[in-house]
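Text of the file coords.csv, holding CSV, C-alpha atoms:
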chain,number,residue,atom,x,y,z
A,234,MET,CA,67.1,128.5,92.8
A,235,SER,CA,64.0,126.3,93.1
A,236,PRO,CA,64.4,123.2,95.3
A,237,THR,CA,63.5,120.9,92.5
A,238,ALA,CA,66.4,121.8,90.3
A,239,PRO,CA,69.1,119.1,90.0
A,240,LEU,CA,72.4,119.6,91.7
A,241,PRO,CA,74.6,121.1,89.0
A,242,LEU,CA,77.8,119.8,90.5
A,243,ALA,CA,76.9,116.1,90.4
A,244,ALA,CA,75.6,116.4,86.8
A,245,ALA,CA,78.7,118.2,85.5
A,246,THR,CA,81.6,116.3,86.9
A,247,PRO,CA,81.3,112.8,88.3
A,248,PHE,CA,83.8,111.6,90.8
A,249,PRO,CA,87.3,112.0,89.4
A,250,GLY,CA,88.7,108.7,88.2
A,251,ALA,CA,85.4,107.0,88.3
A,252,ASP,CA,86.1,105.4,85.0
A,253,TYR,CA,89.1,103.6,86.5
A,254,LEU,CA,87.3,102.5,89.6
A,255,ILE,CA,85.6,99.4,88.2
A,256,PRO,CA,88.6,98.1,86.2
A,257,ALA,CA,90.8,98.6,89.3
A,258,LEU,CA,88.3,96.7,91.4
A,259,PHE,CA,88.3,93.9,88.8
A,260,LEU,CA,92.1,93.8,88.8
A,261,ILE,CA,92.2,93.6,92.6
A,262,PHE,CA,89.8,90.6,92.5
A,263,VAL,CA,91.9,88.9,89.8
A,264,ALA,CA,95.1,89.5,91.8
A,265,THR,CA,93.4,88.2,95.0
A,266,THR,CA,92.4,85.0,93.1
A,267,VAL,CA,95.8,84.5,91.5
A,268,GLY,CA,97.7,85.2,94.7
A,269,GLY,CA,95.5,83.0,96.8
A,270,ALA,CA,95.9,80.1,94.4
A,271,LEU,CA,99.7,80.5,94.3
A,272,LEU,CA,99.8,80.7,98.1
A,273,ALA,CA,97.6,77.6,98.3
A,274,VAL,CA,99.9,75.4,96.3
A,275,TRP,CA,103.3,77.0,97.2
A,276,ALA,CA,103.1,77.6,101.0
A,277,ALA,CA,105.2,75.2,103.0
A,278,ARG,CA,102.9,75.1,106.0
A,279,ILE,CA,99.5,73.5,105.3
A,280,ILE,CA,97.6,76.1,107.4
A,281,ARG,CA,98.9,78.9,105.1
A,282,SER,CA,97.8,76.9,102.2
A,283,VAL,CA,94.2,76.8,103.6
A,284,CYS,CA,94.4,80.6,104.0
A,285,GLY,CA,95.4,80.8,100.4
A,286,LEU,CA,92.3,78.8,99.4
A,287,ALA,CA,90.2,81.2,101.4
A,288,LEU,CA,91.8,84.1,99.7
A,289,ALA,CA,91.2,82.6,96.3
A,290,ALA,CA,87.6,82.0,97.2
A,291,LEU,CA,87.3,85.7,98.2
A,292,GLY,CA,88.7,86.8,94.9
A,293,LEU,CA,86.4,84.3,93.0
A,294,ALA,CA,83.4,85.8,94.9
A,295,GLY,CA,84.3,89.2,93.5
A,296,LEU,CA,84.7,87.8,90.0
A,297,TYR,CA,81.2,86.2,90.3
A,298,TYR,CA,79.9,89.6,91.2
A,299,PHE,CA,81.4,90.9,88.0
A,300,LEU,CA,79.7,88.1,86.2
A,301,ASN,CA,76.3,89.4,87.2
A,302,SER,CA,75.7,86.9,89.9
A,303,PRO,CA,75.7,88.4,93.5
A,304,PHE,CA,73.9,85.2,94.6
A,305,LEU,CA,76.8,83.0,93.6
A,306,ALA,CA,79.3,85.5,95.2
A,307,LEU,CA,77.5,85.1,98.5
A,308,MET,CA,77.3,81.3,98.1
A,309,GLU,CA,81.1,81.1,97.3
A,310,LEU,CA,81.8,83.0,100.5
A,311,LEU,CA,79.4,80.9,102.6
A,312,ILE,CA,80.4,77.5,101.3
A,313,TYR,CA,84.1,77.9,100.6
A,314,VAL,CA,85.3,80.3,103.2
A,315,GLY,CA,82.7,79.4,105.8
A,316,ALA,CA,82.4,75.7,105.4
A,317,VAL,CA,85.2,74.1,103.3
A,318,CYS,CA,88.1,76.0,104.7
A,319,VAL,CA,86.9,75.7,108.3
A,320,THR,CA,86.4,71.9,107.9
A,321,ILE,CA,89.9,71.6,106.4
A,322,VAL,CA,91.3,73.6,109.4
A,323,PHE,CA,89.6,71.1,111.7
A,324,ALA,CA,91.2,68.2,109.9
A,325,VAL,CA,94.6,69.9,110.1
A,326,MET,CA,94.2,70.2,113.8
A,327,LEU,CA,93.2,66.5,114.1
A,328,ALA,CA,95.9,65.1,111.9
A,329,GLU,CA,99.3,66.8,112.1
A,330,ALA,CA,99.5,67.7,108.4
A,331,GLU,CA,102.9,69.5,108.4
A,332,GLU,CA,104.6,69.0,105.1
A,333,PRO,CA,107.9,67.2,106.0
A,334,ALA,CA,111.2,68.5,105.1
A,335,SER,CA,112.1,66.5,102.0
A,336,GLU,CA,114.2,63.4,102.8
A,337,GLU,CA,114.9,62.9,99.1
A,338,LYS,CA,118.0,64.4,97.6
A,339,ARG,CA,117.7,68.2,97.1
A,340,SER,CA,118.4,68.0,93.4
A,341,ARG,CA,115.8,65.3,92.8
A,342,SER,CA,113.1,67.4,94.7
A,343,VAL,CA,113.9,70.4,92.5
A,344,LEU,CA,113.6,68.2,89.5
A,345,TRP,CA,110.2,67.0,90.5
A,346,THR,CA,109.1,70.6,91.1
A,347,LEU,CA,110.3,71.7,87.7
A,348,ALA,CA,108.5,68.8,86.1
A,349,ALA,CA,105.3,69.7,87.9
A,350,ALA,CA,105.7,73.4,86.9
A,351,LEU,CA,106.3,72.4,83.3
A,352,VAL,CA,103.1,70.3,83.2
A,353,ALA,CA,101.1,73.2,84.8
A,354,ALA,CA,102.6,75.7,82.4
A,355,THR,CA,101.5,73.5,79.4
A,356,VAL,CA,98.0,73.2,80.8
A,357,PHE,CA,97.8,76.9,81.4
A,358,TRP,CA,99.1,77.8,78.0
A,359,THR,CA,96.7,75.4,76.2
A,360,ALA,CA,93.6,76.4,78.1
A,361,ALA,CA,94.3,80.1,78.0
A,362,ARG,CA,95.0,79.9,74.3
A,363,LEU,CA,91.7,78.2,73.7
A,364,GLY,CA,89.9,80.8,75.8
A,365,VAL,CA,91.5,83.8,74.1
A,366,LEU,CA,91.7,82.6,70.5
A,367,GLY,CA,88.7,80.3,70.5
A,368,ASP,CA,85.9,81.0,68.0
A,369,TRP,CA,83.4,82.3,70.5
A,370,PRO,CA,80.2,84.0,69.3
A,371,THR,CA,80.0,87.7,69.9
A,372,PRO,CA,78.7,88.5,73.4
A,373,ALA,CA,75.1,89.5,73.3
A,374,VAL,CA,73.8,92.5,75.2
A,375,SER,CA,72.3,91.1,78.4
A,376,THR,CA,68.6,91.9,78.7
A,377,ARG,CA,67.7,88.8,80.7
A,378,ASP,CA,66.6,88.1,84.2
A,379,TRP,CA,69.5,87.7,86.5
A,380,SER,CA,67.6,88.1,89.8
A,381,VAL,CA,67.7,85.8,92.7
A,382,GLN,CA,64.0,85.4,92.2
A,383,ALA,CA,64.5,83.8,88.8
A,384,ILE,CA,67.0,81.3,90.3
A,385,GLY,CA,64.5,80.4,93.1
A,386,VAL,CA,61.7,79.8,90.7
A,387,SER,CA,63.7,77.6,88.4
A,388,LEU,CA,65.1,75.7,91.4
A,389,LEU,CA,61.6,74.9,92.4
A,390,THR,CA,60.3,74.1,88.9
A,391,THR,CA,62.8,73.1,86.2
A,392,TYR,CA,65.6,71.9,88.4
A,393,SER,CA,63.6,70.6,91.4
A,394,MET,CA,64.8,67.1,90.7
A,395,ALA,CA,68.4,68.1,90.7
A,396,PHE,CA,67.8,70.1,93.9
A,397,GLU,CA,66.4,67.1,95.7
A,398,VAL,CA,69.2,64.9,94.4
A,399,ILE,CA,71.9,67.3,95.7
A,400,SER,CA,70.3,67.3,99.1
A,401,LEU,CA,70.4,63.5,99.1
A,402,VAL,CA,74.0,63.5,98.0
A,403,LEU,CA,74.9,65.9,100.9
A,404,LEU,CA,73.0,63.7,103.4
A,405,VAL,CA,74.7,60.5,102.2
A,406,ALA,CA,78.1,62.3,102.3
A,407,ILE,CA,77.5,63.3,105.9
A,408,LEU,CA,76.5,59.8,106.8
A,409,GLY,CA,79.4,58.3,104.9
A,410,ALA,CA,81.9,60.7,106.6
A,411,LEU,CA,80.5,59.7,110.0
A,412,ALA,CA,80.7,56.0,109.2
A,413,ILE,CA,84.3,56.2,107.8
A,414,ALA,CA,85.6,58.4,110.7
A,415,ARG,CA,84.0,56.2,113.3
A,416,THR,CA,85.5,52.9,112.5
A,417,GLY,CA,88.6,52.0,114.4
A,418,ARG,CA,87.9,54.5,117.1
A,419,HIS,CA,87.2,51.9,119.8
A,420,GLN,CA,90.3,49.9,118.8
A,421,ALA,CA,92.7,52.8,119.2
B,285,MET,CA,93.8,101.6,76.7
B,286,ASN,CA,90.1,101.5,76.1
B,287,GLN,CA,90.2,97.8,75.8
B,288,LEU,CA,92.1,97.6,79.1
B,289,LEU,CA,89.3,99.6,80.8
B,290,GLN,CA,86.7,97.2,79.4
B,291,LEU,CA,88.6,94.2,80.6
B,292,HIS,CA,85.9,93.0,83.0
B,293,LEU,CA,83.5,92.8,80.0
B,294,GLN,CA,85.6,90.5,78.0
B,295,PRO,CA,85.2,86.7,78.4
B,296,ALA,CA,88.9,86.1,77.6
B,297,ALA,CA,90.0,87.7,80.8
B,298,TYR,CA,87.9,85.3,82.9
B,299,PHE,CA,89.0,82.3,80.7
B,300,VAL,CA,92.6,83.2,81.4
B,301,VAL,CA,92.0,83.4,85.2
B,302,ALA,CA,90.2,80.1,85.1
B,303,ALA,CA,93.0,78.5,83.1
B,304,PHE,CA,95.5,79.8,85.7
B,305,LEU,CA,93.4,78.3,88.5
B,306,LEU,CA,93.3,74.9,86.7
B,307,ALA,CA,97.1,75.0,86.1
B,308,THR,CA,97.9,75.8,89.8
B,309,GLY,CA,95.5,73.0,90.8
B,310,VAL,CA,97.3,70.5,88.6
B,311,PHE,CA,100.7,71.8,89.9
B,312,GLY,CA,99.6,71.4,93.5
B,313,LEU,CA,98.3,67.9,92.9
B,314,VAL,CA,101.7,66.8,91.6
B,315,HIS,CA,103.8,68.9,94.0
B,316,ARG,CA,102.1,68.4,97.3
B,317,ARG,CA,103.2,65.6,99.5
B,318,THR,CA,100.2,65.4,102.0
B,319,LEU,CA,96.6,64.3,101.4
B,320,ILE,CA,95.2,67.6,102.7
B,321,GLY,CA,97.5,69.6,100.3
B,322,MET,CA,96.2,67.5,97.4
B,323,LEU,CA,92.6,68.1,98.6
B,324,ILE,CA,93.2,71.9,98.5
B,325,SER,CA,94.6,71.6,95.0
B,326,GLY,CA,91.5,69.7,93.9
B,327,GLU,CA,89.3,72.5,95.3
B,328,LEU,CA,91.2,74.9,93.1
B,329,ILE,CA,90.4,72.8,90.0
B,330,PHE,CA,86.7,72.8,91.1
B,331,ALA,CA,86.9,76.6,91.3
B,332,ALA,CA,88.4,76.8,87.8
B,333,ALA,CA,85.6,74.8,86.4
B,334,SER,CA,83.0,76.9,88.2
B,335,LEU,CA,84.5,80.2,86.9
B,336,ASN,CA,84.6,78.8,83.3
B,337,LEU,CA,81.0,77.8,83.5
B,338,MET,CA,79.9,81.1,84.9
B,339,THR,CA,81.8,83.0,82.2
B,340,VAL,CA,80.1,81.0,79.4
B,341,ASN,CA,76.8,81.5,81.2
B,342,ARG,CA,77.3,85.3,81.5
B,343,PHE,CA,78.4,86.0,77.9
B,344,PHE,CA,77.0,83.2,75.7
B,345,ALA,CA,74.2,81.3,77.3
B,346,PRO,CA,70.5,82.0,76.4
B,347,ASP,CA,69.2,81.2,79.9
B,348,PRO,CA,71.1,82.9,82.7
B,349,THR,CA,69.8,80.7,85.5
B,350,VAL,CA,71.3,77.5,84.1
B,351,GLY,CA,74.9,78.3,84.8
B,352,GLN,CA,74.3,79.7,88.3
B,353,ILE,CA,72.4,76.6,89.4
B,354,PHE,CA,75.1,74.4,87.8
B,355,VAL,CA,77.8,76.2,89.7
B,356,LEU,CA,75.7,76.0,92.9
B,357,PHE,CA,75.6,72.3,92.5
B,358,ILE,CA,79.3,72.1,91.9
B,359,MET,CA,79.8,73.9,95.2
B,360,GLY,CA,77.5,71.4,96.9
B,361,LEU,CA,79.4,68.5,95.4
B,362,ALA,CA,82.7,70.0,96.5
B,363,ALA,CA,81.4,70.4,100.0
B,364,ALA,CA,80.3,66.7,100.0
B,365,GLU,CA,83.6,65.7,98.6
B,366,VAL,CA,85.5,67.6,101.3
B,367,ALA,CA,83.5,66.0,104.0
B,368,ILE,CA,84.2,62.5,102.7
B,369,ALA,CA,87.8,63.1,101.9
B,370,LEU,CA,88.6,64.6,105.3
B,371,SER,CA,87.0,61.7,107.1
B,372,ILE,CA,89.1,59.4,105.0
B,373,VAL,CA,92.2,61.5,105.9
B,374,ILE,CA,91.3,61.1,109.6
B,375,ALA,CA,90.8,57.3,109.2
B,376,VAL,CA,94.1,57.0,107.4
B,377,TYR,CA,95.8,59.1,110.1
B,378,ARG,CA,94.4,56.7,112.7
B,379,ASN,CA,95.9,53.7,111.0
B,380,TYR,CA,99.2,55.0,109.8
B,381,SER,CA,99.9,58.0,112.2
B,382,SER,CA,100.8,59.9,109.0
B,383,ILE,CA,99.1,61.5,106.0
B,384,LYS,CA,102.3,61.9,103.9
B,385,THR,CA,101.5,60.3,100.6
B,386,ALA,CA,104.9,58.6,100.4
B,387,GLU,CA,104.3,56.6,103.6
B,388,LEU,CA,100.9,55.3,102.9
B,389,SER,CA,101.8,51.9,101.5
B,390,HIS,CA,101.7,48.4,102.8
B,391,LEU,CA,103.5,46.9,99.8
B,392,LYS,CA,107.2,47.6,99.3
B,393,GLY,CA,108.7,48.5,96.0

Can the structure in the file be given as C-alpha cells, please?
Amino acid sequence: MSPTAPLPLAAATPFPGADYLIPALFLIFVATTVGGALLAVWAARIIRSVCGLALAALGLAGLYYFLNSPFLALMELLIYVGAVCVTIVFAVMLAEAEEPASEEKRSRSVLWTLAAALVAATVFWTAARLGVLGDWPTPAVSTRDWSVQAIGVSLLTTYSMAFEVISLVLLVAILGALAIARTGRHQA
Amino acid sequence: MNQLLQLHLQPAAYFVVAAFLLATGVFGLVHRRTLIGMLISGELIFAAASLNLMTVNRFFAPDPTVGQIFVLFIMGLAAAEVAIALSIVIAVYRNYSSIKTAELSHLKG
C-alpha cells in the first residue's frame, strides 16, 4: 500500500453514534440551562441560587456556541460566571442574605407561590407559543462571516460610538457603586 | 426522529428555552423575599433576552455581527447593573441591618 492512500477505516465507518453526539450535546446544554435557572429561583439558600445562576450561564454559553458564536460563549463565561456571580457572592458575604423562614401563615405562603407559578406558566406558554407557531421566515443557509475578526472590525467602525458609550456606562457605574457604598460608612 | 436529531438547527428550540428562562425570572422576581434573590432573577431575564436576540441573529438576520455586538452590550449593561444594585444592597443593609424586602419600609400600613 502506498503511503499516500487514505485510511480505509476512517472513510468507511465514522465513529459509531456520531450522529447522536451533537444532539446529545445540545440537550445537555439545554438541561444545564433549565436546571440552573430552576435552582436559581427555587433554592432556599441564596448561595445555592448564585450557583444556579452560574450553571445557567454555563449552559447558555454552550447554546451560544451552537448559535455559531464562540466569541459570545467565551464572553458569557467571563462576564457571568467570572464577574457577576463572584460579585454577588461577595455581596452575600457582606450582607447576610439568608432567606428567612416564612413568618406568614403556611397556607398563605403556598398561595403566593402558586400565584407566582401561575403567572410564570402563563408567560412561558405565551412566549413559547409565539416562538414555535410564529410566522418566521424560512431560515437561510448561513454563508456569512461569523468570525471574531468581523466582530472586531465592526466594533471599531460601525459600532465604535456604542463601544465608547458602553465603556462610559461601565465607568459611571463603578463610580456610582463606590459613591453609594461609601456613604454612611464613617457614621456606622 | 430526524427532526429530533436536527433540534439544534431549529429556532423554535432556542425560543422555547428563552421563554423558559423568562418565565423562571418572572417567577423568581415574585417569589424571592430578598433583594439579592430578586437581582439573580433579573439576571435570568437578561439571559432570556440575550438568547432570543442571538437566535434571531443566527437564523434570520442579514448581518451576523449585529446580534453578537448587541448581546455583548447587554452583558456589559448587566454587569454595570449588578455593580450598582449590589452597592445599593450593601447601603441598605447598613441602614436597616436586613435585606428582606418585607422589612424595608419606614411607613407602616

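Taking only C-alpha atoms into account, chain B lies nearest to A:Leu271 out of the set A:Ala294, A:Leu271, A:Leu389, A:Gly315.
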
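Each of B:Ser371, B:Ser381, B:Tyr298, B:Leu293 was checked against chain A using all atoms listed in the file; the smallest atom-to-atom distance is that of B:Ser371.
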
So that I can see what lies close to Leu289 of chain B, please list as a PyMOL selection string the residues with an atom at most 10 Å from it, counting only C-alpha atoms and leaving out residues fewer than 4 positions away in the same chain. (chain A and resi 252-257+259) or (chain B and resi 285+293)

Written file, previous selection with C-alpha atoms, as an mmCIF file, in the coordinates of the input:
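Below you can see result_30.cif, which holds the result:
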data_model
loop_
_atom_site.group_PDB
_atom_site.id
_atom_site.type_symbol
_atom_site.label_atom_id
_atom_site.label_comp_id
_atom_site.auth_asym_id
_atom_site.auth_seq_id
_atom_site.Cartn_x
_atom_site.Cartn_y
_atom_site.Cartn_z
ATOM 1 C CA ASP A 252 86.100 105.400 85.000
ATOM 2 C CA TYR A 253 89.100 103.600 86.500
ATOM 3 C CA LEU A 254 87.300 102.500 89.600
ATOM 4 C CA ILE A 255 85.600 99.400 88.200
ATOM 5 C CA PRO A 256 88.600 98.100 86.200
ATOM 6 C CA ALA A 257 90.800 98.600 89.300
ATOM 7 C CA PHE A 259 88.300 93.900 88.800
ATOM 8 C CA MET B 285 93.800 101.600 76.700
ATOM 9 C CA LEU B 293 83.500 92.800 80.000
#

Only residues of chain A matter here; which ones have an atom within 6 Å of chain B, counting only C-alpha atoms? Give them as a list in words. Pro256, Val274, Leu300, Ala349, Ala353, Val356, Phe357, Ala360, Ala361, Gly364, Val365, Pro372, Ile384, Leu403, Ala406, Ala410 and Ala414 of chain A

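Interatomic distance, atom CA of Gly269 of chain A against atom CA of Leu288 of chain A: 4.8 Å.
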
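Each of A:Phe323, A:Glu309, A:Val263, A:Leu258 was compared to Val283 of chain A using all atoms listed in the file, and A:Phe323 turns out to be the nearest.
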
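Put simply, atom CA of Arg341 of chain A is 22.1 Å away from atom CA of Ile279 of chain A.
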
To one decimal place in Å, what is the distance between atom CA of Thr265 of chain A and atom CA of Gly292 of chain A? 4.9 Å

Atoms are missing here; could segment 291-318 of chain B be completed with N, CA and C atoms and written as a short mmCIF file (atom, residue, chain, number, x, y, z; two decimals), in the coordinates of the input?
data_model
loop_
_atom_site.label_atom_id
_atom_site.label_comp_id
_atom_site.auth_asym_id
_atom_site.auth_seq_id
_atom_site.Cartn_x
_atom_site.Cartn_y
_atom_site.Cartn_z
N LEU B 291 88.15 95.52 80.44
CA LEU B 291 88.60 94.20 80.60
C LEU B 291 87.60 93.26 81.31
N HIS B 292 86.82 93.85 82.22
CA HIS B 292 85.90 93.00 83.00
C HIS B 292 84.66 92.67 82.11
N LEU B 293 84.58 93.20 80.88
CA LEU B 293 83.50 92.80 80.00
C LEU B 293 83.91 91.86 78.91
N GLN B 294 85.16 91.39 79.00
CA GLN B 294 85.60 90.50 78.00
C GLN B 294 85.76 89.07 78.54
N PRO B 295 85.15 88.10 77.88
CA PRO B 295 85.20 86.70 78.40
C PRO B 295 86.63 86.18 78.48
N ALA B 296 87.52 86.66 77.59
CA ALA B 296 88.90 86.10 77.60
C ALA B 296 89.58 86.30 78.90
N ALA B 297 89.34 87.44 79.56
CA ALA B 297 90.00 87.70 80.80
C ALA B 297 89.62 86.63 81.86
N TYR B 298 88.32 86.31 81.92
CA TYR B 298 87.90 85.30 82.90
C TYR B 298 88.41 83.91 82.48
N PHE B 299 88.46 83.64 81.16
CA PHE B 299 89.00 82.30 80.70
C PHE B 299 90.44 82.18 81.15
N VAL B 300 91.21 83.27 81.05
CA VAL B 300 92.60 83.20 81.40
C VAL B 300 92.78 82.92 82.92
N VAL B 301 91.96 83.62 83.72
CA VAL B 301 92.00 83.40 85.20
C VAL B 301 91.64 81.95 85.50
N ALA B 302 90.60 81.43 84.82
CA ALA B 302 90.20 80.10 85.10
C ALA B 302 91.28 79.08 84.67
N ALA B 303 91.95 79.36 83.54
CA ALA B 303 93.00 78.50 83.10
C ALA B 303 94.17 78.51 84.12
N PHE B 304 94.42 79.70 84.70
CA PHE B 304 95.50 79.80 85.70
C PHE B 304 95.12 78.97 86.95
N LEU B 305 93.85 79.05 87.36
CA LEU B 305 93.40 78.30 88.50
C LEU B 305 93.59 76.78 88.26
N LEU B 306 93.20 76.34 87.05
CA LEU B 306 93.30 74.90 86.70
C LEU B 306 94.81 74.51 86.74
N ALA B 307 95.70 75.38 86.19
CA ALA B 307 97.10 75.00 86.10
C ALA B 307 97.70 74.95 87.55
N THR B 308 97.33 75.90 88.43
CA THR B 308 97.90 75.80 89.80
C THR B 308 97.33 74.60 90.51
N GLY B 309 96.08 74.23 90.23
CA GLY B 309 95.50 73.00 90.80
C GLY B 309 96.29 71.78 90.41
N VAL B 310 96.58 71.69 89.10
CA VAL B 310 97.30 70.50 88.60
C VAL B 310 98.73 70.52 89.21
N PHE B 311 99.34 71.70 89.26
CA PHE B 311 100.70 71.80 89.90
C PHE B 311 100.66 71.33 91.31
N GLY B 312 99.66 71.78 92.06
CA GLY B 312 99.60 71.40 93.50
C GLY B 312 99.36 69.90 93.64
N LEU B 313 98.53 69.31 92.75
CA LEU B 313 98.30 67.90 92.90
C LEU B 313 99.59 67.09 92.68
N VAL B 314 100.46 67.56 91.79
CA VAL B 314 101.70 66.80 91.60
C VAL B 314 102.72 67.18 92.67
N HIS B 315 102.71 68.44 93.11
CA HIS B 315 103.80 68.90 94.00
C HIS B 315 103.58 68.60 95.43
N ARG B 316 102.33 68.61 95.90
CA ARG B 316 102.10 68.40 97.30
C ARG B 316 102.39 67.03 97.80
N ARG B 317 102.82 66.91 99.04
CA ARG B 317 103.20 65.60 99.50
C ARG B 317 102.28 65.15 100.70
N THR B 318 101.20 65.88 100.97
CA THR B 318 100.20 65.40 102.00
C THR B 318 98.86 65.34 101.37
#
